[in-house]
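Source file: entry_2.csv (CSV, C-alpha atoms (C1' of nucleotides))
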chain,number,residue,atom,x,y,z
A,153,MET,CA,19.9,2.1,-16.6
A,154,SER,CA,18.7,-0.8,-14.7
A,155,PRO,CA,19.0,-0.5,-10.9
A,156,THR,CA,22.3,-1.9,-9.7
A,157,PHE,CA,22.7,-3.0,-6.2
A,158,LYS,CA,25.9,-2.3,-4.4
A,159,LYS,CA,27.7,-5.1,-2.7
A,160,LEU,CA,27.1,-5.3,1.0
A,161,ASP,CA,30.1,-5.9,3.2
A,162,PRO,CA,29.3,-9.4,4.6
A,163,LEU,CA,31.0,-8.6,7.9
A,164,LEU,CA,28.6,-5.8,8.5
A,165,HIS,CA,25.6,-7.5,7.0
A,166,SER,CA,24.8,-9.4,10.2
A,167,GLU,CA,22.2,-8.3,12.6
A,168,LEU,CA,24.4,-8.6,15.7
A,169,ARG,CA,27.6,-7.2,14.2
A,170,LEU,CA,25.7,-4.3,12.7
A,171,ALA,CA,24.2,-3.5,16.1
A,172,ILE,CA,27.6,-3.7,17.7
A,173,MET,CA,29.1,-1.3,15.1
A,174,SER,CA,26.1,1.0,15.3
A,175,LEU,CA,26.4,1.2,19.0
A,176,LEU,CA,30.2,1.8,18.9
A,177,GLU,CA,29.8,4.4,16.3
A,178,GLU,CA,27.7,6.4,18.6
A,179,THR,CA,29.4,5.8,21.9
A,180,GLU,CA,33.1,5.4,20.7
A,181,GLU,CA,33.6,2.7,23.3
A,182,ALA,CA,31.5,0.2,25.3
A,183,ASP,CA,32.2,-2.8,27.4
A,184,PHE,CA,31.2,-6.4,26.8
A,185,VAL,CA,28.4,-6.4,29.4
A,186,TYR,CA,26.9,-3.2,28.1
A,187,ILE,CA,26.9,-4.4,24.5
A,188,LYS,CA,25.3,-7.6,25.6
A,189,GLU,CA,22.5,-5.8,27.4
A,190,VAL,CA,21.8,-3.4,24.6
A,191,THR,CA,21.8,-5.9,21.9
A,192,GLY,CA,20.3,-8.8,23.8
A,193,ALA,CA,22.9,-11.1,22.5
A,194,THR,CA,24.1,-14.2,24.3
A,195,SER,CA,27.7,-14.1,25.7
A,196,GLY,CA,28.8,-16.8,23.3
A,197,ASN,CA,27.5,-15.1,20.2
A,198,LEU,CA,28.8,-11.7,21.3
A,199,SER,CA,32.2,-13.1,22.0
A,200,VAL,CA,32.4,-14.7,18.6
A,201,GLN,CA,31.2,-11.6,16.7
A,202,ILE,CA,33.4,-9.0,18.4
A,203,ASP,CA,36.3,-11.3,17.5
A,204,LYS,CA,35.4,-11.2,13.9
A,205,LEU,CA,35.1,-7.4,13.9
A,206,ALA,CA,38.4,-7.2,15.6
A,207,GLU,CA,40.1,-9.5,13.2
A,208,ALA,CA,38.8,-7.3,10.4
A,209,GLY,CA,40.3,-4.2,12.1
A,210,TYR,CA,36.8,-2.7,12.5
A,211,ILE,CA,37.1,-2.5,16.3
A,212,GLN,CA,39.7,-2.8,19.0
A,213,ILE,CA,39.3,-5.1,21.9
A,214,GLU,CA,41.0,-4.2,25.2
A,215,LYS,CA,40.9,-6.8,28.0
A,216,GLY,CA,41.5,-5.3,31.4
A,217,PHE,CA,40.0,-5.3,34.9
A,218,SER,CA,37.5,-3.2,36.7
A,219,GLY,CA,38.6,-3.8,40.3
A,220,LYS,CA,39.0,-7.5,40.4
A,221,LYS,CA,36.5,-8.3,37.6
A,222,PRO,CA,37.6,-8.8,34.1
A,223,ARG,CA,36.4,-6.1,31.8
A,224,THR,CA,36.4,-6.2,28.0
A,225,VAL,CA,36.2,-2.8,26.3
A,226,CYS,CA,35.5,-2.4,22.6
A,227,ARG,CA,36.2,0.7,20.6
A,228,ILE,CA,35.5,1.4,16.9
A,229,THR,CA,38.5,2.1,14.7
A,230,PRO,CA,38.8,4.6,11.8
A,231,GLU,CA,38.6,1.7,9.4
A,232,GLY,CA,35.5,0.5,11.2
A,233,LYS,CA,33.9,3.9,10.8
A,234,ALA,CA,34.7,4.0,7.1
A,235,ALA,CA,33.3,0.5,6.6
A,236,PHE,CA,30.2,1.4,8.4
A,237,GLU,CA,29.8,4.4,6.2
A,238,ARG,CA,30.3,2.4,3.1
A,239,TYR,CA,27.8,-0.2,4.3
A,240,PHE,CA,25.2,2.6,4.8
A,241,ASP,CA,25.9,4.0,1.3
A,242,ALA,CA,25.6,0.6,-0.3
A,243,LEU,CA,22.3,0.0,1.5
A,244,LYS,CA,20.9,3.1,0.0
A,245,SER,CA,21.1,1.5,-3.4
A,246,TYR,CA,18.4,-1.0,-2.2
A,247,PHE,CA,16.1,1.8,-1.2
A,248,LEU,CA,16.5,4.4,-3.9
A,249,HIS,CA,12.8,5.3,-4.0
A,250,LYS,CA,12.5,5.8,-0.3
B,115,MET,CA,17.6,5.5,26.9
B,116,SER,CA,20.0,3.1,25.4
B,117,PRO,CA,19.6,2.6,21.7
B,118,THR,CA,17.5,-0.4,20.9
B,119,PHE,CA,17.9,-2.2,17.7
B,120,LYS,CA,14.8,-3.4,16.0
B,121,LYS,CA,14.7,-7.0,14.8
B,122,LEU,CA,15.5,-7.4,11.1
B,123,ASP,CA,13.2,-9.8,9.2
B,124,PRO,CA,15.7,-12.7,8.4
B,125,LEU,CA,14.0,-13.3,5.1
B,126,LEU,CA,14.8,-9.9,3.9
B,127,HIS,CA,18.1,-9.6,5.6
B,128,SER,CA,19.9,-11.4,2.8
B,129,GLU,CA,21.7,-9.5,0.1
B,130,LEU,CA,20.1,-11.3,-2.9
B,131,ARG,CA,16.6,-11.5,-1.5
B,132,LEU,CA,16.7,-7.9,-0.6
B,133,ALA,CA,17.8,-7.0,-4.1
B,134,ILE,CA,15.0,-9.1,-5.5
B,135,MET,CA,12.4,-7.4,-3.3
B,136,SER,CA,13.9,-3.9,-4.0
B,137,LEU,CA,13.7,-4.6,-7.7
B,138,LEU,CA,10.1,-5.9,-7.6
B,139,GLU,CA,9.0,-3.1,-5.4
B,140,GLU,CA,10.0,-0.7,-8.1
B,141,THR,CA,8.9,-2.6,-11.2
B,142,GLU,CA,5.9,-4.6,-9.8
B,143,GLU,CA,6.9,-7.5,-11.9
B,144,ALA,CA,10.1,-9.0,-13.5
B,145,ASP,CA,11.0,-12.3,-15.0
B,146,PHE,CA,13.7,-14.7,-13.9
B,147,VAL,CA,16.2,-13.8,-16.5
B,148,TYR,CA,15.9,-10.1,-15.9
B,149,ILE,CA,16.3,-10.5,-12.1
B,150,LYS,CA,19.3,-12.7,-12.7
B,151,GLU,CA,20.9,-10.0,-15.0
B,152,VAL,CA,20.2,-7.2,-12.6
B,153,THR,CA,21.3,-8.9,-9.5
B,154,GLY,CA,24.2,-10.9,-11.0
B,155,ALA,CA,23.0,-14.0,-9.1
B,156,THR,CA,23.5,-17.5,-10.4
B,157,SER,CA,20.4,-19.4,-11.6
B,158,GLY,CA,20.6,-21.8,-8.7
B,159,ASN,CA,20.8,-19.2,-6.1
B,160,LEU,CA,18.1,-17.2,-7.6
B,161,SER,CA,15.8,-20.2,-8.0
B,162,VAL,CA,16.2,-21.0,-4.3
B,163,GLN,CA,15.7,-17.5,-3.1
B,164,ILE,CA,12.6,-16.7,-5.1
B,165,ASP,CA,11.1,-19.9,-3.7
B,166,LYS,CA,11.7,-18.7,-0.2
B,167,LEU,CA,10.2,-15.4,-0.9
B,168,ALA,CA,7.2,-17.0,-2.5
B,169,GLU,CA,6.7,-19.5,0.4
B,170,ALA,CA,6.6,-16.5,2.8
B,171,GLY,CA,4.0,-14.9,0.6
B,172,TYR,CA,6.2,-11.9,-0.2
B,173,ILE,CA,6.1,-12.6,-3.9
B,174,GLN,CA,4.1,-14.6,-6.4
B,175,ILE,CA,5.7,-16.8,-9.0
B,176,GLU,CA,4.0,-17.4,-12.3
B,177,LYS,CA,5.4,-20.0,-14.7
B,178,GLY,CA,4.4,-19.7,-18.3
B,179,PHE,CA,5.9,-19.5,-21.7
B,180,SER,CA,7.2,-16.8,-24.0
B,181,GLY,CA,6.8,-18.5,-27.3
B,182,LYS,CA,8.3,-21.9,-26.7
B,183,LYS,CA,10.7,-20.8,-24.0
B,184,PRO,CA,9.7,-21.1,-20.3
B,185,ARG,CA,9.3,-17.8,-18.6
B,186,THR,CA,9.0,-17.3,-14.9
B,187,VAL,CA,7.5,-14.0,-13.8
B,188,CYS,CA,7.7,-12.7,-10.3
B,189,ARG,CA,5.5,-10.1,-8.8
B,190,ILE,CA,5.6,-8.6,-5.3
B,191,THR,CA,2.5,-9.0,-3.1
B,192,PRO,CA,1.0,-6.5,-0.7
B,193,GLU,CA,2.4,-8.6,2.2
B,194,GLY,CA,5.8,-8.4,0.5
B,195,LYS,CA,5.5,-4.6,0.2
B,196,ALA,CA,4.5,-4.3,3.9
B,197,ALA,CA,7.5,-6.5,4.9
B,198,PHE,CA,9.9,-4.5,2.8
B,199,GLU,CA,8.6,-1.3,4.5
B,200,ARG,CA,9.0,-2.8,7.9
B,201,TYR,CA,12.5,-4.0,7.1
B,202,PHE,CA,13.4,-0.5,6.0
B,203,ASP,CA,12.0,1.0,9.2
B,204,ALA,CA,13.8,-1.5,11.4
B,205,LEU,CA,17.0,-0.7,9.5
B,206,LYS,CA,16.7,2.9,10.5
B,207,SER,CA,17.2,2.0,14.1
B,208,TYR,CA,20.8,1.1,13.2
B,209,PHE,CA,21.5,4.4,11.6
B,210,LEU,CA,19.7,6.9,13.9
B,211,HIS,CA,22.4,9.5,13.7
B,212,LYS,CA,22.7,9.4,9.9
C,77,DA,C1',35.4,-21.6,55.9
C,78,DA,C1',33.2,-24.7,52.6
C,79,DA,C1',29.6,-24.9,49.3
C,80,DA,C1',26.8,-22.6,46.1
C,81,DT,C1',26.0,-18.8,43.0
C,82,DT,C1',27.2,-15.1,40.1
C,83,DT,C1',30.1,-12.7,36.8
C,84,DG,C1',32.5,-12.4,32.6
C,85,DG,C1',33.6,-14.5,29.5
C,86,DT,C1',35.6,-18.8,25.8
C,87,DT,C1',35.2,-23.0,23.3
C,88,DT,C1',32.8,-26.5,21.0
C,89,DA,C1',28.7,-28.4,18.8
C,90,DT,C1',24.5,-27.8,16.1
C,91,DA,C1',21.4,-25.6,13.0
C,92,DA,C1',20.5,-22.7,9.3
C,93,DA,C1',21.8,-20.2,5.3
C,94,DA,C1',24.3,-19.0,1.1
C,95,DT,C1',26.7,-20.5,-2.7
C,96,DA,C1',28.3,-23.4,-6.2
C,97,DA,C1',28.2,-27.5,-8.9
C,98,DA,C1',25.8,-30.7,-11.4
C,99,DC,C1',21.9,-31.9,-13.8
C,100,DT,C1',17.3,-31.7,-16.6
C,101,DA,C1',14.4,-30.5,-20.4
C,102,DC,C1',13.8,-28.3,-24.2
C,103,DT,C1',15.2,-25.2,-28.3
C,104,DT,C1',18.0,-23.1,-31.7
C,105,DT,C1',21.9,-23.0,-34.7
C,106,DA,C1',25.6,-24.9,-37.6
D,170,DT,C1',21.8,-34.5,-36.4
D,171,DA,C1',25.2,-33.1,-33.3
D,172,DA,C1',26.6,-29.2,-30.7
D,173,DA,C1',25.5,-25.3,-28.2
D,174,DG,C1',22.3,-22.3,-25.8
D,175,DT,C1',18.3,-21.2,-22.8
D,176,DA,C1',15.8,-21.5,-18.6
D,177,DG,C1',15.6,-23.2,-15.0
D,178,DT,C1',15.8,-27.1,-10.7
D,179,DT,C1',18.1,-30.2,-7.5
D,180,DT,C1',21.7,-31.6,-4.7
D,181,DA,C1',26.0,-31.0,-2.4
D,182,DT,C1',29.4,-28.1,-0.1
D,183,DT,C1',30.8,-24.3,2.4
D,184,DT,C1',30.0,-20.6,5.4
D,185,DT,C1',27.6,-18.4,9.1
D,186,DA,C1',24.8,-17.8,13.0
D,187,DT,C1',23.2,-19.6,17.2
D,188,DA,C1',23.1,-22.2,21.2
D,189,DA,C1',24.9,-25.2,24.6
D,190,DA,C1',28.5,-26.5,27.5
D,191,DC,C1',32.2,-25.2,29.9
D,192,DC,C1',35.9,-22.5,32.7
D,193,DA,C1',38.1,-19.4,36.2
D,194,DA,C1',37.8,-16.1,39.4
D,195,DA,C1',35.0,-13.5,42.7
D,196,DT,C1',31.1,-13.1,45.7
D,197,DT,C1',27.5,-14.6,48.6
D,198,DT,C1',25.2,-17.9,51.6
D,199,DT,C1',25.0,-21.1,55.5

For the structure just supplied, provide its representation as structure tokens.
Amino acid sequence: MSPTFKKLDPLLHSELRLAIMSLLEETEEADFVYIKEVTGATSGNLSVQIDKLAEAGYIQIEKGFSGKKPRTVCRITPEGKAAFERYFDALKSYFLHK
Amino acid sequence: MSPTFKKLDPLLHSELRLAIMSLLEETEEADFVYIKEVTGATSGNLSVQIDKLAEAGYIQIEKGFSGKKPRTVCRITPEGKAAFERYFDALKSYFLHK
DNA sequence: AAAATTTGGTTTATAAAATAAACTACTTTA
DNA sequence: TAAAGTAGTTTATTTTATAAACCAAATTTT
């Protein structure tokens, strides 16, 4: 059979969103500022991308305060974990010989 | 240390271009029609994407004829192989725990 | 205590990319 | 010889990513 390439979830096939998900998969939860530092993203881009992930149900966003400062905490959901796993599996089909 | 995510080559971080490169890495060469079949891409999209890969020097495009029919053959270059390898390595940084 | 700066974001605008639709040129089949 | 098929390219549209501008509250400086 000819090699067939599995479809890559477009929501995860984005450098920044993938980094966010990878981070959250390891840490379970992380706040906006930390994610921004680790990924090197701009605030604007990060804000947009976590919203997309939240809309898809891949992460949960909790807005609260740390003292008087706003604090946005992100957490990966079970659906998010499953999607991340599926994305990883799909990716393998592009690197079968590796 | 906090996890750092390696930059993903934007030219390879595209589902179709990645499929093309993956295919060519395995087969060394493949023609337009075959790539189209395997990837399920439309002709238009495929035409655009192989041009981008060729402009980057990742593949070579050879236009000839098979009998009276035009035949476009693509071949991966050493630079293309190196880029593909680098992309794969970078990708690993997003899946360290896997 | 007013003014300026920093923090933690959101919103809007712009640039780049992917996809689809339309078209070209030629060949084969009915 | 007209219709349909093959092998693509070009152009237009939609989607996505990125960057720039903005906002409110808190903190620091003078």

Report task. Please provide the set of residues having any atom within 10 Å of D:DT198, restricted to all atoms listed in the file, with same-chain residues fewer than 5 positions apart removed, written as a VMD selection string. Result -> chain C and resid 79 to 81

Query raised in the report: Which neighbours of A:Tyr186 fall inside 12 Å, counting all atoms listed in the file, when residues of the same chain fewer than 6 positions from it are skipped, and could you give them as a PyMOL selection string?
Result: (chain A and resi 172+175-176+179+192-195+198+223-226) or (chain B and resi 116-117) or (chain C and resi 84)

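In this model, the gap between atom CA of B:Glu199 and atom CA of A:Tyr210 comes to 29.3 Å.
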
Query raised in the report: What does the distance between atom CA of B:Asp203 and atom CA of B:Asp123 come to in Å, to one decimal place?
Result: 10.9 Å

Query raised in the report: Which residues come within 12 Å of B:Ala133, counting all atoms listed in the file, excluding same-chain residues fewer than 3 positions away, as number ranges by chain?
Result: A: 155-160, 242-248; B: 125-130, 136-140, 149-155, 160, 163-164, 167, 198

**Report entry** 9 Å contacts from chain C to chain B using all atoms listed in the file, as a ChimeraX atom specification
**Finding:** /C:94-96,102-103

Suppose we keep C-alpha atoms (C1' of nucleotides); can you now write the selection as an mmCIF file, in the coordinates of the input?
data_model
loop_
_atom_site.group_PDB
_atom_site.id
_atom_site.type_symbol
_atom_site.label_atom_id
_atom_site.label_comp_id
_atom_site.auth_asym_id
_atom_site.auth_seq_id
_atom_site.Cartn_x
_atom_site.Cartn_y
_atom_site.Cartn_z
ATOM 1 C "C1'" DA C 94 24.300 -19.000 1.100
ATOM 2 C "C1'" DT C 95 26.700 -20.500 -2.700
ATOM 3 C "C1'" DA C 96 28.300 -23.400 -6.200
ATOM 4 C "C1'" DC C 102 13.800 -28.300 -24.200
ATOM 5 C "C1'" DT C 103 15.200 -25.200 -28.300
#

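Atom C1' of C:DA97 is found 27.7 Å from atom C1' of D:DT187.
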